[in-house]
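Source file: work-v1.txt (compact mmCIF, C-alpha atoms and all ligand atoms)
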# COMPACT_ATOMS: atom_id res chain seq x y z
CA MET A 39 13.86 -87.10 -57.72
CA ASN A 40 17.43 -87.93 -56.89
CA GLU A 41 18.50 -91.48 -57.56
CA ASN A 42 21.61 -91.23 -55.39
CA ARG A 43 19.82 -90.66 -52.18
CA THR A 44 21.30 -93.75 -50.56
CA SER A 45 24.37 -91.60 -49.89
CA ARG A 46 22.39 -89.78 -47.25
CA GLU A 47 20.22 -92.51 -45.91
CA THR A 48 18.66 -91.60 -42.64
CA LYS A 49 20.74 -92.81 -39.74
CA THR A 50 20.79 -92.27 -36.05
CA TYR A 51 23.59 -89.94 -34.94
CA GLU A 52 25.38 -92.72 -33.14
CA THR A 53 25.42 -94.96 -36.19
CA PHE A 54 26.49 -92.11 -38.42
CA THR A 55 29.41 -91.15 -36.22
CA ARG A 56 30.60 -94.71 -35.85
CA GLU A 57 30.47 -95.37 -39.57
CA ILE A 58 31.90 -92.18 -40.86
CA HIS A 59 34.32 -91.23 -38.10
CA PRO A 60 35.68 -94.41 -36.58
CA GLU A 61 38.61 -92.48 -35.12
CA VAL A 62 36.35 -91.05 -32.48
CA GLU A 63 35.56 -93.25 -29.56
CA GLN A 64 31.84 -93.86 -29.28
CA GLY A 65 29.55 -93.45 -26.34
CA GLY A 66 29.55 -89.67 -26.16
CA THR A 67 26.89 -87.80 -24.30
CA TRP A 68 24.75 -86.70 -27.18
CA GLY A 69 21.76 -88.33 -28.65
CA LEU A 70 21.79 -91.24 -26.23
CA ASP A 71 18.84 -90.14 -24.18
CA GLY A 72 16.56 -90.20 -27.15
CA ILE A 73 16.25 -86.42 -27.42
CA GLY A 74 16.77 -85.36 -30.98
CA GLN A 75 17.41 -88.88 -32.13
CA SER A 76 14.29 -89.05 -34.18
CA ASN A 77 14.83 -89.43 -37.87
CA ASN A 78 11.86 -87.21 -38.53
CA ARG A 79 13.04 -83.67 -38.62
CA ASN A 80 9.48 -82.48 -38.92
CA ARG A 81 10.49 -80.22 -41.74
CA LYS A 82 8.42 -79.40 -44.74
CA GLU A 83 11.26 -79.70 -47.19
CA VAL A 84 14.99 -80.19 -47.07
CA LYS A 85 17.10 -78.55 -49.72
CA PHE A 86 20.42 -80.29 -49.61
CA ASN A 87 21.66 -80.18 -53.13
CA SER A 88 24.59 -81.56 -54.99
CA VAL A 89 27.42 -79.21 -55.89
CA ASN A 90 29.61 -80.09 -58.82
CA GLN A 91 33.09 -80.02 -57.36
CA SER A 92 34.77 -80.43 -60.70
CA SER A 93 33.27 -77.22 -62.02
CA LEU A 94 35.96 -74.56 -62.22
CA ASP A 95 33.77 -71.74 -63.45
CA GLY A 96 33.09 -70.35 -59.98
CA GLY A 97 29.33 -70.68 -60.34
CA LEU A 98 26.82 -73.02 -58.77
CA GLU A 99 25.35 -75.83 -60.79
CA GLU A 100 21.94 -74.92 -62.11
CA ASN A 101 20.18 -78.22 -62.20
CA ARG A 102 20.37 -79.38 -58.65
CA ASP A 103 18.81 -82.40 -57.12
CA HIS A 104 16.44 -81.44 -54.40
CA PHE A 105 16.09 -83.91 -51.61
CA GLU A 106 12.61 -84.00 -50.24
CA GLU A 107 13.06 -86.71 -47.71
CA HIS A 108 14.34 -86.14 -44.22
CA GLY A 109 17.65 -87.26 -42.83
CA ARG A 110 21.10 -86.19 -41.89
CA VAL A 111 23.29 -84.82 -44.64
CA SER A 112 26.38 -86.89 -45.48
CA SER A 113 29.95 -85.79 -44.83
CA GLU A 114 30.68 -85.82 -48.54
CA GLN A 115 27.85 -83.41 -49.23
CA ILE A 116 28.94 -81.16 -46.40
CA ARG A 117 32.47 -81.06 -47.80
CA GLU A 118 31.07 -79.65 -51.02
CA TYR A 119 29.01 -77.02 -49.24
CA LEU A 120 32.05 -75.90 -47.26
CA GLN A 121 33.96 -74.92 -50.39
CA LEU A 122 33.09 -71.24 -50.18
CA TYR A 123 31.51 -70.33 -46.89
CA LEU A 124 30.38 -66.75 -46.29
CA VAL A 125 29.97 -65.59 -42.69
CA VAL A 126 27.87 -62.44 -42.69
CA GLY A 127 25.87 -60.06 -40.54
CA SER A 128 24.49 -56.63 -41.33
CA VAL A 129 27.35 -54.90 -39.48
CA ASN A 130 29.92 -56.57 -41.73
CA CYS A 131 28.43 -55.05 -44.86
CA LYS A 132 29.15 -51.69 -46.44
CA GLU A 133 25.82 -51.87 -48.23
CA ASP A 134 22.52 -53.77 -48.03
CA PRO A 135 23.36 -57.27 -46.73
CA VAL A 136 20.71 -58.76 -49.00
CA LYS A 137 22.51 -57.31 -52.01
CA VAL A 138 25.90 -58.50 -50.73
CA VAL A 139 24.65 -62.02 -50.15
CA ARG A 140 22.83 -62.15 -53.49
CA GLU A 141 25.98 -61.13 -55.34
CA ALA A 142 28.14 -63.45 -53.27
CA LEU A 143 25.87 -66.37 -54.17
CA GLU A 144 26.11 -65.41 -57.82
CA GLY A 145 29.87 -65.55 -57.46
CA GLY A 146 29.84 -69.09 -56.12
CA VAL A 147 29.24 -69.04 -52.36
CA THR A 148 28.01 -72.50 -51.31
CA LEU A 149 26.99 -71.80 -47.70
CA VAL A 150 26.01 -68.66 -45.79
CA GLN A 151 26.31 -68.41 -42.03
CA PHE A 152 24.14 -65.62 -40.61
CA ARG A 153 26.19 -64.11 -37.77
CA GLU A 154 24.26 -61.08 -36.59
CA LYS A 155 26.31 -59.86 -33.65
CA GLY A 156 28.24 -56.91 -32.28
CA PRO A 157 27.40 -53.23 -31.79
CA GLY A 158 24.66 -52.02 -34.12
CA SER A 159 23.46 -55.49 -35.03
CA LEU A 160 19.80 -56.18 -35.64
CA THR A 161 17.58 -57.78 -33.01
CA GLY A 162 14.01 -59.01 -32.77
CA ALA A 163 11.75 -58.77 -35.79
CA ALA A 164 14.37 -57.05 -37.96
CA LYS A 165 16.86 -59.85 -37.33
CA LEU A 166 14.23 -62.48 -38.06
CA GLU A 167 13.19 -60.74 -41.26
CA LEU A 168 16.77 -60.49 -42.53
CA ALA A 169 17.37 -64.15 -41.67
CA GLU A 170 14.28 -65.14 -43.62
CA ARG A 171 15.33 -63.13 -46.65
CA LEU A 172 18.85 -64.54 -46.63
CA ARG A 173 17.60 -68.09 -46.18
CA ALA A 174 15.29 -67.68 -49.18
CA LEU A 175 18.14 -66.30 -51.27
CA CYS A 176 20.44 -69.15 -50.29
CA HIS A 177 17.89 -71.80 -51.06
CA SER A 178 17.00 -70.37 -54.41
CA ALA A 179 20.71 -70.37 -55.27
CA GLY A 180 21.13 -73.96 -54.05
CA ALA A 181 23.31 -72.92 -51.11
CA LEU A 182 22.89 -73.81 -47.44
CA PHE A 183 21.84 -71.34 -44.77
CA ILE A 184 23.21 -71.76 -41.24
CA VAL A 185 22.63 -69.56 -38.19
CA ASN A 186 25.39 -68.63 -35.75
CA ASP A 187 24.66 -69.49 -32.14
CA ASP A 188 20.89 -68.89 -32.14
CA VAL A 189 18.93 -72.13 -32.11
CA GLU A 190 15.55 -70.40 -31.77
CA LEU A 191 16.21 -68.30 -34.83
CA ALA A 192 17.48 -71.30 -36.80
CA LEU A 193 14.32 -73.23 -35.99
CA ALA A 194 12.07 -70.22 -36.63
CA VAL A 195 13.41 -69.71 -40.15
CA ASP A 196 13.88 -73.42 -40.86
CA ALA A 197 17.61 -72.97 -41.39
CA ASP A 198 19.77 -75.86 -42.55
CA GLY A 199 21.82 -75.75 -39.39
CA VAL A 200 23.55 -73.95 -36.53
CA HIS A 201 27.17 -73.02 -35.93
CA ILE A 202 28.53 -72.66 -32.40
CA GLY A 203 31.83 -71.73 -30.79
CA GLN A 204 33.59 -73.22 -27.78
CA GLU A 205 32.01 -70.57 -25.52
CA ASP A 206 28.46 -71.21 -26.68
CA GLU A 207 25.89 -73.74 -25.55
CA ALA A 208 27.33 -77.28 -25.40
CA ALA A 209 27.36 -79.04 -28.74
CA ASP A 210 25.42 -82.05 -27.46
CA ARG A 211 22.65 -79.77 -26.19
CA VAL A 212 22.47 -77.97 -29.50
CA ARG A 213 22.47 -81.27 -31.38
CA ALA A 214 19.52 -82.45 -29.28
CA ARG A 215 17.62 -79.24 -30.05
CA ILE A 216 18.22 -79.09 -33.78
CA GLY A 217 17.59 -82.74 -34.67
CA GLU A 218 19.20 -83.61 -37.98
CA ARG A 219 20.01 -80.11 -39.06
CA ILE A 220 23.69 -79.44 -39.67
CA LEU A 221 25.84 -78.67 -36.62
CA GLY A 222 29.12 -76.80 -37.06
CA VAL A 223 31.51 -76.24 -34.17
CA SER A 224 34.56 -73.97 -33.95
CA ALA A 225 37.64 -75.80 -32.73
CA ILE A 226 41.40 -75.51 -32.71
CA THR A 227 42.84 -78.36 -30.70
CA THR A 228 42.54 -82.05 -31.44
CA GLU A 229 40.77 -82.54 -28.12
CA GLU A 230 38.19 -79.86 -29.00
CA ALA A 231 37.74 -81.49 -32.39
CA ARG A 232 37.25 -84.99 -30.93
CA SER A 233 34.85 -83.71 -28.30
CA ALA A 234 32.77 -81.85 -30.91
CA ILE A 235 32.61 -84.96 -33.09
CA ARG A 236 31.51 -87.11 -30.14
CA GLN A 237 28.77 -84.59 -29.43
CA GLY A 238 27.42 -84.69 -32.96
CA ALA A 239 29.24 -82.03 -35.00
CA ASP A 240 28.92 -82.39 -38.77
CA TYR A 241 31.85 -80.10 -39.56
CA LEU A 242 34.41 -77.99 -37.76
CA GLY A 243 35.41 -74.36 -38.32
CA ILE A 244 39.14 -74.02 -37.70
CA GLY A 245 40.77 -70.68 -37.01
CA PRO A 246 41.75 -67.99 -37.03
CA ILE A 247 44.21 -69.29 -39.59
CA TYR A 248 45.60 -65.79 -40.24
CA PRO A 249 45.23 -62.48 -38.39
CA THR A 250 41.70 -61.09 -38.62
CA SER A 251 40.09 -57.81 -37.74
CA SER A 252 36.55 -59.13 -38.15
CA LYS A 253 36.32 -60.84 -34.74
CA GLU A 254 37.39 -58.93 -31.66
CA ASP A 255 37.62 -61.94 -29.36
CA ALA A 256 39.37 -64.18 -31.87
CA ARG A 257 41.69 -66.82 -30.47
CA ALA A 258 45.43 -66.91 -31.25
CA VAL A 259 46.38 -67.10 -34.90
CA GLN A 260 47.02 -70.74 -35.78
CA GLY A 261 48.49 -70.71 -39.28
CA PRO A 262 47.52 -73.30 -41.89
CA GLN A 263 49.58 -75.91 -40.00
CA VAL A 264 46.71 -76.36 -37.53
CA LEU A 265 44.75 -78.01 -40.34
CA LYS A 266 47.63 -80.33 -41.19
CA LYS A 267 47.97 -81.24 -37.55
CA LEU A 268 44.29 -82.09 -37.17
CA ARG A 269 44.38 -84.25 -40.30
CA THR A 270 47.57 -85.97 -39.18
CA GLN A 271 45.98 -86.72 -35.84
CA GLY A 272 43.14 -88.52 -37.54
CA ILE A 273 40.38 -85.93 -37.77
CA THR A 274 38.48 -86.81 -40.95
CA LEU A 275 35.37 -84.67 -40.36
CA PRO A 276 34.77 -81.92 -42.94
CA LEU A 277 36.85 -78.86 -42.00
CA VAL A 278 36.59 -75.24 -43.08
CA GLY A 279 39.39 -72.77 -42.39
CA ILE A 280 38.49 -69.26 -41.20
CA GLY A 281 40.23 -66.01 -40.30
CA GLY A 282 42.06 -63.58 -42.58
CA ILE A 283 41.56 -65.73 -45.67
CA THR A 284 41.88 -64.01 -49.03
CA ALA A 285 41.93 -65.32 -52.59
CA GLU A 286 45.74 -65.28 -52.40
CA ARG A 287 45.72 -67.49 -49.29
CA ALA A 288 42.85 -69.84 -50.14
CA ALA A 289 44.95 -72.49 -51.88
CA GLU A 290 47.32 -72.74 -48.92
CA VAL A 291 44.36 -73.35 -46.57
CA VAL A 292 42.91 -76.10 -48.76
CA SER A 293 46.30 -77.73 -49.34
CA ALA A 294 46.77 -77.87 -45.58
CA GLY A 295 43.65 -80.01 -45.22
CA ALA A 296 40.55 -77.81 -45.32
CA ASP A 297 37.57 -78.70 -47.49
CA GLY A 298 36.94 -75.02 -48.07
CA VAL A 299 37.38 -71.49 -46.82
CA ALA A 300 35.13 -69.30 -44.67
CA VAL A 301 35.42 -65.54 -45.03
CA ILE A 302 33.82 -62.35 -43.83
CA SER A 303 35.81 -59.38 -45.09
CA ALA A 304 37.20 -60.89 -48.30
CA ILE A 305 33.65 -60.77 -49.65
CA THR A 306 31.72 -58.25 -47.56
CA GLN A 307 34.38 -55.53 -47.82
CA ALA A 308 35.13 -56.10 -51.48
CA ASP A 309 34.06 -53.51 -54.03
CA ASN A 310 32.29 -56.26 -55.92
CA ALA A 311 31.07 -59.22 -53.84
CA ARG A 312 30.35 -61.33 -56.90
CA ASN A 313 33.85 -60.98 -58.33
CA ALA A 314 35.42 -61.48 -54.92
CA ALA A 315 33.46 -64.69 -54.38
CA ALA A 316 34.25 -65.94 -57.86
CA ALA A 317 37.98 -65.36 -57.33
CA LEU A 318 37.92 -67.25 -54.04
CA LYS A 319 35.86 -70.08 -55.48
CA SER A 320 38.16 -70.56 -58.41
CA LYS A 321 41.21 -70.80 -56.09
CA VAL A 322 39.44 -73.26 -53.80
CA LEU A 323 38.29 -75.51 -56.64
CA ARG A 324 41.72 -75.56 -58.22
CA ALA A 325 43.36 -76.38 -54.89
CA LEU A 326 40.84 -79.15 -54.23
CA ALA A 327 41.43 -80.59 -57.69
CA SER A 328 45.19 -80.63 -57.21
CA SER A 329 44.90 -82.09 -53.69
CA SER A 330 42.81 -84.95 -55.00
CA THR A 331 45.24 -85.56 -57.86
CA ALA A 332 48.14 -85.55 -55.39
CA SER A 333 46.39 -88.00 -53.08
CA GLN A 334 45.81 -90.39 -55.97
CA GLY A 335 49.59 -90.65 -56.40
CA PRO A 336 51.64 -90.59 -59.59
CA GLU A 337 50.25 -92.07 -62.77
CA VAL A 338 51.98 -95.23 -63.93
N1 LIG B 1 35.98 -66.84 -36.39
C1 LIG B 1 37.30 -66.98 -36.40
S1 LIG B 1 38.07 -65.77 -37.27
C2 LIG B 1 36.58 -65.05 -37.67
C3 LIG B 1 35.55 -65.77 -37.11
C4 LIG B 1 34.11 -65.46 -37.21
C5 LIG B 1 36.47 -63.82 -38.50
C6 LIG B 1 36.76 -64.07 -39.94
O1 LIG B 1 36.64 -62.87 -40.67
P1 LIG B 1 37.64 -62.48 -41.85
O2 LIG B 1 37.25 -61.07 -42.22
O3 LIG B 1 37.41 -63.41 -42.96
O4 LIG B 1 39.03 -62.55 -41.29
MG MG B 2 29.59 -67.91 -30.85
Could you write out this file's structure as structure tokens?
Amino acid sequence: MNENRTSRETKTYETFTREIHPEVEQGGTWGLDGIGQSNNRNRKEVKFNSVNQSSLDGGLEENRDHFEEHGRVSSEQIREYLQLYLVVGSVNCKEDPVKVVREALEGGVTLVQFREKGPGSLTGAAKLELAERLRALCHSAGALFIVNDDVELALAVDADGVHIGQEDEAADRVRARIGERILGVSAITTEEARSAIRQGADYLGIGPIYPTSSKEDARAVQGPQVLKKLRTQGITLPLVGIGGITAERAAEVVSAGADGVAVISAITQADNARNAAAALKSKVLRALASSSTASQGPEV
């Protein structure tokens, strides 16, 4: 049993947001009517594990601490899970998505977002079955499993959370429906970011950072400077950059202020998903290590 569990003591959403993100004015619309405020997630088991950020080998730590109590995951834990974030649906994969995800996890992916959308995507029982298989793979690798914009599916497979965009159901509604599961929201502007935080977001997906061909309705390319701007304007929530990110660009994204990188094609279109993930992970971890050294200032 984990001895450090005080870092994720159960808190109401309002308390959590006030303590961790004081830059956001309180009194938002979420959680105040009592819906979803319960600290009992009514889940059989929660598998939020610790990831060793100092590890530079590209792999996940083997001996993880499994939390068996309920409660909302801390920002610091989420930052670690955002390090290498794979967004994946069956249509993104050149081969069996189960194989792609298994290899990607072996290479160091820390979180998988199941995004089953677009022409040819699975529906109904086939979608549910794939989600269940991917969730099981993620959990046995110590990674998180999050569902894109499908609360029913997330609840049905007992996912760790849900990710929504600006066009999807309102964040406060989703927060109320998912209880203490993780809520990720896509945002670009500081106002979108602040609004998402007020409504209960645990992390934000920021992008597209670079041009992407994986999302037809992607918003305008932002460049890594959008991350710097959000940080400068006081957004301290965990952030993951997305859109056109490759191993060559990963360090630039992290240096600009992201806690990690989210990719589709850099892993799903690679000849070897494991190697592709390992290359990305190594760049992210090195960039995180040098950002934290830089923020500590010069040695005296
Ligand atoms: N949201 C913003 S860009 C994007 C999503 C889902 C697609 C990212 O795909 P890729 O292949 O990593 O550019
Ligand atoms: Mg969406």
Please provide the set of residues having any atom within 10 Å of Ser329 in chain A, restricted to all atoms listed in the file, with same-chain residues fewer than 3 positions apart removed, written as an NGL selection string. :A and (289 or 292-295 or 323-326 or 332-334)
Once you count only C-alpha atoms and all ligand atoms, what closest atom pair and distance in Å to one decimal does each residue of chain A within 7 Å of ligand LIG 1 (chain B) have, with rows by chain and rising residue number, as a tab-separated table?
residue	atom	partner	partner_atom	distance
A:Val125	CA	B:LIG1	C4	6.9
A:Gly245	CA	B:LIG1	C1	5.1
A:Pro246	CA	B:LIG1	S1	4.3
A:Pro249	CA	B:LIG1	O4	6.8
A:Thr250	CA	B:LIG1	O4	4.0
A:Ser251	CA	B:LIG1	O4	6.0
A:Ser252	CA	B:LIG1	O1	4.5
A:Lys253	CA	B:LIG1	C5	4.8
A:Ala256	CA	B:LIG1	C1	5.7
A:Ile280	CA	B:LIG1	S1	5.3
A:Gly281	CA	B:LIG1	S1	3.7
A:Gly282	CA	B:LIG1	O4	3.5
A:Ile283	CA	B:LIG1	O3	5.5
A:Ala300	CA	B:LIG1	O3	6.5
A:Val301	CA	B:LIG1	O3	3.6
A:Ile302	CA	B:LIG1	O3	3.8
A:Ser303	CA	B:LIG1	O2	3.6
A:Ala304	CA	B:LIG1	O3	5.9
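Going from CA of Val129 in chain A over to CA of Arg153 in chain A, you cover 9.4 Å.
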Spatial neighbours of Arg219 in chain A, 10 Å, all atoms listed in the file, chain gap at least 3 places, as a PyMOL selection string: chain A and resi 79+81+84+108-111+184+192-193+196-200+213+215-216+222+240
Rounded to one decimal, what separation in Å do you get between CA of Asn313 in chain A and CA of Leu122 in chain A?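 Distance between the two atoms: 13.1 Å.
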Between A:Ala209, A:Leu124, A:Ala194, A:Val147, which is the closest to ligand MG 2 (chain B) once you count all atoms listed in the file? A:Ala209
What residues have any atom no more than 8 Å from ligand MG 2 (chain B) when counting all atoms listed in the file, and can you list them as a ChimeraX atom specification? /A:186-187,201-206
Take the selection from the previous step and output its residues with C-alpha atoms, as a compact mmCIF listing (two decimals), in the frame of the given file.
# COMPACT_ATOMS: atom_id res chain seq x y z
CA ASN A 186 25.39 -68.63 -35.75
CA ASP A 187 24.66 -69.49 -32.14
CA HIS A 201 27.17 -73.02 -35.93
CA ILE A 202 28.53 -72.66 -32.40
CA GLY A 203 31.83 -71.73 -30.79
CA GLN A 204 33.59 -73.22 -27.78
CA GLU A 205 32.01 -70.57 -25.52
CA ASP A 206 28.46 -71.21 -26.68
Could you work out how far CA of Ala225 in chain A lies from CA of Cys176 in chain A, giving the answer in Å with one decimal?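 We find that CA of Cys176 in chain A and CA of Ala225 in chain A lie 25.5 Å from each other.
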